[in-house]
Amino acid sequence: MTEHLPLAAGDEATFARFNPARMEEIAEQAGSHAIVYELVGLFLGDVEARMRDLAITVHSGNDEQLERISHSIKGSCANLGAERMAELARLIELCPASGAGDLLHAIQQEFAALKLVLHQTYPEGAPSDAPTPR
Amino acid sequence: MGDLAHPKVSPSQLGPIAIVEDDPAARRMMRFWLEQAGYRAKEYTGGREVLEDDGEVPAIACVDLGLGDVPGLKVLQHLHARDAELPLIVVTAQREVETAVEAMRAGAYDYVTKPLDGNRLLHAIARASERRELVRNVHRLESALTERDVLGSIIGHSPAMRELAHQVERVLESDVAVCVFGESGTGKELVARAIHSGGPRRRQPFVAINCAGIPESLQESELFGHERGAFTGATHMRRGRFEQAHGGTLLLDELGEMSLATQASLLRTLQEKTIRRVGGSADIPVDVRIVCATHRNLKAEVEAGRFREDLYFRLVVYPIMLPPLRDRKEDIPLLVGNFLQRLSEDVGREVKSIAPEALEALSRHHWPGNVRELQNVVHRSLLACRSETITLSDLPPDIYRLALPSIPPRPAKSGDALSVLEGPEDEVIPLRELERRAIQRALRVTRGSVSKAAKLLGIGRATLYRRIASLELSQDVA
């Protein structure tokens, strides 16, 4: 399926899987990483559920709902610094449900990879005041 | 966060800032920034929560336009309807400029784009809170002017009116049930308006209903509204005065004229804080301050069985007695001055003062119609006045006559018919002579104006001309 990935090689370089700058900035403002861990946890729980809805919607062919769900995924990802996934969500937002199969697969793969990165960067159960693991 | 940590309006003094956002991470992020800057945040996980919340209106609201359950624009419209001055900040994804423009048209004050930027958000909040404060200051000034205007028209220098001013001030800030007692024309509605415009509900509606002017069968429909088809002729749903006054003040004028059936419904409404439209089944919450007014002795009405005792105790918690004008005649000059100023514009004439003898005539009147009657007299006098000062001859005849005894009699001398109208008790004056004296006096007072003299004498102008000719009087007596 790699050949169907809608992001070209150059785009993958342009859009980082996870840009930690925003989270680092927030941690700096707070003087603690606790808020960042909390945000990542909220993000993963929320986007997990939205991804399930996205898959159902692509299969049901509801264009309007697809646009709405992909739009919200795009916003959540952009906010956290998940640039590549945000870009994929943006492409789905512009695509009719009937033609979004490949994009759905791509964004599912991207989300799986992103989860790994986030779990590595912010491991579950880390003390709230622990520095961000690299 | 730079200077945003020190906005012009202290964040701690500001009410809660609503965050309407269905993305939990974005919501938490915004709350984090707001709380870091000292603001209080109130989170809403979607639009429906906002639509169902009838609690405290936030100081500022940040609304995501892309909510899943309810369109963001609908949420904006709802919040705008709850408080037209509430600054609304739209949160929107980049490249949604058209939607943002639409949101601004729907009443949004500013917008921030995603990915969210803490500095940008706090900057928008600081600007919005400054604007809110500015708008509030303008409203405070407007209210102060309105209040001064309203109080200015009801308050005099007399001890009774100074006490009234204190009584009104005491009830401004609370919702205590006030009942204003006073004769017709004493200004009961003005007192009710002063209570409304001086209190925290001043930006909300003031609605008055005169119970005496509504047939018994329509009282409930007027107060509580009716549903379509509730009775013959009810072709449309109509909101009653309670719903119209929601958030503000309802004046129940001439409360003593309310039917016993309507009294029962009113009592239920006051207890439940809900109304039910005639023909309807839903209980609609209402938040209304009630002020009552009556010229009747309600206690006597209770004793006579014409007014419910339980309703009396609920509505007459803080009675305010308005004195009749005859008991505070020292206020007449102030009231006349006030009316002159206001009514001169209405009649398009600049009348600046009133002659002392005219004012004295006003002070001798009993004023059964109270301040309203005084206002009407000043109005009529203004219309009659042809100079910058209202004189005796400009006053209505019944008031003018009261001044006659005050005109100092000229020293009696032979042949001077104007010296007195009445001679010694045992002297009989022929009617023709009395008539001559009356006409001469009228012409003298009016400086020879036959029209005004005729008016004072209560006869027609042509008749007066005939009498002048018949009595061989000179018109030039001034």
# chains A, B, ... in the order shown; residues from 1 in each chain; ligands from 1

call {"tool": "interface_residues", "arguments": {"of": "chain A", "to": "chain B", "cutoff": "6 Å", "atoms": "only C-alpha atoms", "output": "CSV table (one decimal) with C-alpha atoms, in the first residue's frame"}}
result
chain,number,residue,atom,x,y,z
A,39,LEU,CA,-2.8,16.7,26.8
A,42,LEU,CA,-6.6,13.4,26.0
A,43,PHE,CA,-5.5,13.6,22.4
A,78,ALA,CA,-2.5,20.3,14.1
A,79,ASN,CA,-3.0,21.5,17.7

call {"tool": "select_by_dssp", "arguments": {"residues": "segment 300-389 of chain B", "states": "alpha helix (DSSP H)", "output": "ChimeraX atom specification"}}
result
/B:300-303,309-315,332-347,356-364,370-384

call {"tool": "write_last_selection", "arguments": {"atoms": "C-alpha atoms", "output": "JSON list (two decimals), in the first residue's frame"}}
result
[["chain", "number", "residue", "atom", "x", "y", "z"],
["B", 300, "ALA", "CA", -59.02, 46.90, 53.62],
["B", 301, "GLU", "CA", -59.50, 44.95, 50.39],
["B", 302, "VAL", "CA", -58.14, 41.84, 52.14],
["B", 303, "GLU", "CA", -60.53, 42.37, 55.04],
["B", 309, "GLU", "CA", -54.25, 37.65, 52.06],
["B", 310, "ASP", "CA", -51.44, 35.26, 51.00],
["B", 311, "LEU", "CA", -50.85, 37.31, 47.85],
["B", 312, "TYR", "CA", -50.90, 40.51, 49.90],
["B", 313, "PHE", "CA", -48.10, 39.26, 52.15],
["B", 314, "ARG", "CA", -46.09, 38.15, 49.12],
["B", 315, "LEU", "CA", -46.42, 41.39, 47.21],
["B", 332, "ILE", "CA", -44.64, 72.81, 43.24],
["B", 333, "PRO", "CA", -42.00, 75.38, 42.10],
["B", 334, "LEU", "CA", -39.50, 72.59, 41.42],
["B", 335, "LEU", "CA", -42.06, 70.51, 39.56],
["B", 336, "VAL", "CA", -43.26, 73.49, 37.54],
["B", 337, "GLY", "CA", -39.67, 74.33, 36.59],
["B", 338, "ASN", "CA", -39.15, 70.72, 35.52],
["B", 339, "PHE", "CA", -42.34, 70.70, 33.44],
["B", 340, "LEU", "CA", -41.55, 74.07, 31.88],
["B", 341, "GLN", "CA", -38.19, 72.79, 30.73],
["B", 342, "ARG", "CA", -39.57, 69.55, 29.31],
["B", 343, "LEU", "CA", -42.82, 70.83, 27.84],
["B", 344, "SER", "CA", -41.40, 74.01, 26.28],
["B", 345, "GLU", "CA", -39.73, 71.83, 23.69],
["B", 346, "ASP", "CA", -43.00, 70.01, 23.01],
["B", 347, "VAL", "CA", -44.91, 73.22, 22.27],
["B", 356, "PRO", "CA", -44.73, 84.76, 41.35],
["B", 357, "GLU", "CA", -48.49, 85.49, 41.50],
["B", 358, "ALA", "CA", -49.13, 82.63, 39.06],
["B", 359, "LEU", "CA", -47.05, 80.31, 41.20],
["B", 360, "GLU", "CA", -48.97, 81.41, 44.23],
["B", 361, "ALA", "CA", -52.24, 80.61, 42.48],
["B", 362, "LEU", "CA", -50.91, 77.13, 41.76],
["B", 363, "SER", "CA", -50.01, 76.69, 45.42],
["B", 364, "ARG", "CA", -53.58, 77.49, 46.48],
["B", 370, "ASN", "CA", -51.91, 65.45, 41.86],
["B", 371, "VAL", "CA", -48.71, 65.83, 39.82],
["B", 372, "ARG", "CA", -50.39, 64.71, 36.61],
["B", 373, "GLU", "CA", -52.95, 67.52, 36.97],
["B", 374, "LEU", "CA", -50.16, 70.02, 37.64],
["B", 375, "GLN", "CA", -48.37, 68.88, 34.51],
["B", 376, "ASN", "CA", -51.54, 69.33, 32.46],
["B", 377, "VAL", "CA", -52.07, 72.83, 33.88],
["B", 378, "VAL", "CA", -48.50, 73.82, 33.02],
["B", 379, "HIS", "CA", -48.99, 72.40, 29.54],
["B", 380, "ARG", "CA", -52.19, 74.40, 28.97],
["B", 381, "SER", "CA", -50.58, 77.53, 30.35],
["B", 382, "LEU", "CA", -47.63, 77.11, 28.02],
["B", 383, "LEU", "CA", -49.99, 76.97, 25.06],
["B", 384, "ALA", "CA", -51.71, 80.14, 26.22]]

call {"tool": "select_by_dssp", "arguments": {"residues": "segment 59-98 of chain B", "states": "strand (DSSP E)", "output": "list of chain:residue names"}}
result
B:Ile60, B:Ala61, B:Cys62, B:Val63, B:Asp64, B:Leu88, B:Ile89, B:Val90, B:Val91, B:Thr92, B:Ala93

call {"tool": "write_last_selection", "arguments": {"atoms": "N, CA and C atoms", "output": "CSV table (one decimal), in the first residue's frame"}}
result
chain,number,residue,atom,x,y,z
B,60,ILE,N,-17.0,36.2,28.7
B,60,ILE,CA,-16.5,36.1,27.4
B,60,ILE,C,-16.7,34.7,27.0
B,61,ALA,N,-16.9,34.4,25.7
B,61,ALA,CA,-17.1,33.0,25.3
B,61,ALA,C,-16.2,32.7,24.1
B,62,CYS,N,-15.4,31.6,24.1
B,62,CYS,CA,-14.6,31.2,23.0
B,62,CYS,C,-15.4,30.0,22.4
B,63,VAL,N,-15.8,30.1,21.2
B,63,VAL,CA,-16.6,29.0,20.6
B,63,VAL,C,-15.9,28.4,19.4
B,64,ASP,N,-15.8,27.1,19.4
B,64,ASP,CA,-15.2,26.4,18.2
B,64,ASP,C,-16.3,26.4,17.2
B,88,LEU,N,-17.8,37.5,21.9
B,88,LEU,CA,-17.7,36.1,21.4
B,88,LEU,C,-16.4,36.0,20.6
B,89,ILE,N,-15.6,35.0,20.9
B,89,ILE,CA,-14.4,34.8,20.2
B,89,ILE,C,-14.5,33.5,19.5
B,90,VAL,N,-14.4,33.5,18.2
B,90,VAL,CA,-14.6,32.3,17.4
B,90,VAL,C,-13.2,31.6,17.3
B,91,VAL,N,-13.3,30.2,17.5
B,91,VAL,CA,-12.1,29.4,17.3
B,91,VAL,C,-12.3,28.6,16.0
B,92,THR,N,-11.4,28.8,15.1
B,92,THR,CA,-11.7,28.2,13.8
B,92,THR,C,-10.4,27.7,13.2
B,93,ALA,N,-10.5,26.7,12.3
B,93,ALA,CA,-9.3,26.2,11.6
B,93,ALA,C,-8.9,27.2,10.6

call {"tool": "atom_distance", "arguments": {"atom1": "atom CA of Gly47 of chain B", "atom2": "atom CA of Ala100 of chain B"}}
result
17.2 Å

call {"tool": "decode", "arguments": {"residues": "segment 31-106 of chain A", "atoms": "C-alpha atoms", "output": "CSV table (one decimal), in the first residue's frame"}}
result
chain,number,residue,atom,x,y,z
A,31,GLY,CA,7.0,24.9,34.6
A,32,SER,CA,6.1,21.2,34.5
A,33,HIS,CA,5.5,18.4,32.0
A,34,ALA,CA,2.4,17.2,33.8
A,35,ILE,CA,0.1,19.2,31.5
A,36,VAL,CA,1.8,17.8,28.4
A,37,TYR,CA,1.2,14.2,29.5
A,38,GLU,CA,-2.4,15.1,30.2
A,39,LEU,CA,-2.8,16.7,26.8
A,40,VAL,CA,-1.3,13.7,25.0
A,41,GLY,CA,-3.6,11.3,26.9
A,42,LEU,CA,-6.6,13.4,26.0
A,43,PHE,CA,-5.5,13.6,22.4
A,44,LEU,CA,-5.0,9.8,22.0
A,45,GLY,CA,-8.3,8.9,23.7
A,46,ASP,CA,-10.3,11.4,21.6
A,47,VAL,CA,-8.6,10.7,18.2
A,48,GLU,CA,-8.9,7.0,18.7
A,49,ALA,CA,-12.6,7.3,18.9
A,50,ARG,CA,-12.8,9.7,16.0
A,51,MET,CA,-10.7,7.3,13.9
A,52,ARG,CA,-13.3,4.6,14.5
A,53,ASP,CA,-16.0,7.0,13.4
A,54,LEU,CA,-14.0,7.9,10.3
A,55,ALA,CA,-13.7,4.3,9.2
A,56,ILE,CA,-17.4,3.7,9.6
A,57,THR,CA,-18.3,6.9,7.8
A,58,VAL,CA,-16.0,6.1,4.8
A,59,HIS,CA,-17.7,2.7,4.5
A,60,SER,CA,-21.2,4.2,4.8
A,61,GLY,CA,-20.5,6.8,2.2
A,62,ASN,CA,-21.7,9.8,4.1
A,63,ASP,CA,-19.8,12.7,2.6
A,64,GLU,CA,-21.1,15.3,5.0
A,65,GLN,CA,-20.2,13.3,8.1
A,66,LEU,CA,-16.8,12.4,6.6
A,67,GLU,CA,-16.0,16.1,6.1
A,68,ARG,CA,-17.0,16.9,9.7
A,69,ILE,CA,-15.0,14.1,11.3
A,70,SER,CA,-11.9,14.6,9.2
A,71,HIS,CA,-12.1,18.3,9.9
A,72,SER,CA,-12.1,17.7,13.7
A,73,ILE,CA,-9.2,15.1,13.4
A,74,LYS,CA,-7.3,17.7,11.4
A,75,GLY,CA,-7.7,20.3,14.1
A,76,SER,CA,-6.8,18.0,17.0
A,77,CYS,CA,-3.6,16.8,15.2
A,78,ALA,CA,-2.5,20.3,14.1
A,79,ASN,CA,-3.0,21.5,17.7
A,80,LEU,CA,-0.7,18.8,19.2
A,81,GLY,CA,2.0,19.0,16.5
A,82,ALA,CA,1.0,15.8,14.6
A,83,GLU,CA,1.6,17.6,11.3
A,84,ARG,CA,1.6,14.6,8.9
A,85,MET,CA,-1.7,13.2,10.2
A,86,ALA,CA,-3.3,16.6,10.1
A,87,GLU,CA,-2.3,16.9,6.4
A,88,LEU,CA,-3.9,13.5,5.7
A,89,ALA,CA,-7.0,14.5,7.5
A,90,ARG,CA,-7.1,17.7,5.4
A,91,LEU,CA,-6.9,15.6,2.2
A,92,ILE,CA,-9.8,13.3,3.4
A,93,GLU,CA,-11.8,16.4,4.2
A,94,LEU,CA,-11.6,17.4,0.5
A,95,CYS,CA,-12.4,13.9,-0.8
A,96,PRO,CA,-15.8,12.2,-1.3
A,97,ALA,CA,-16.3,9.1,0.8
A,98,SER,CA,-16.4,6.9,-2.2
A,99,GLY,CA,-12.8,7.8,-3.1
A,100,ALA,CA,-11.4,8.0,0.5
A,101,GLY,CA,-10.4,4.3,0.9
A,102,ASP,CA,-6.7,4.7,0.3
A,103,LEU,CA,-6.6,7.9,2.4
A,104,LEU,CA,-8.3,6.1,5.3
A,105,HIS,CA,-5.7,3.3,5.2
A,106,ALA,CA,-2.9,5.9,5.1
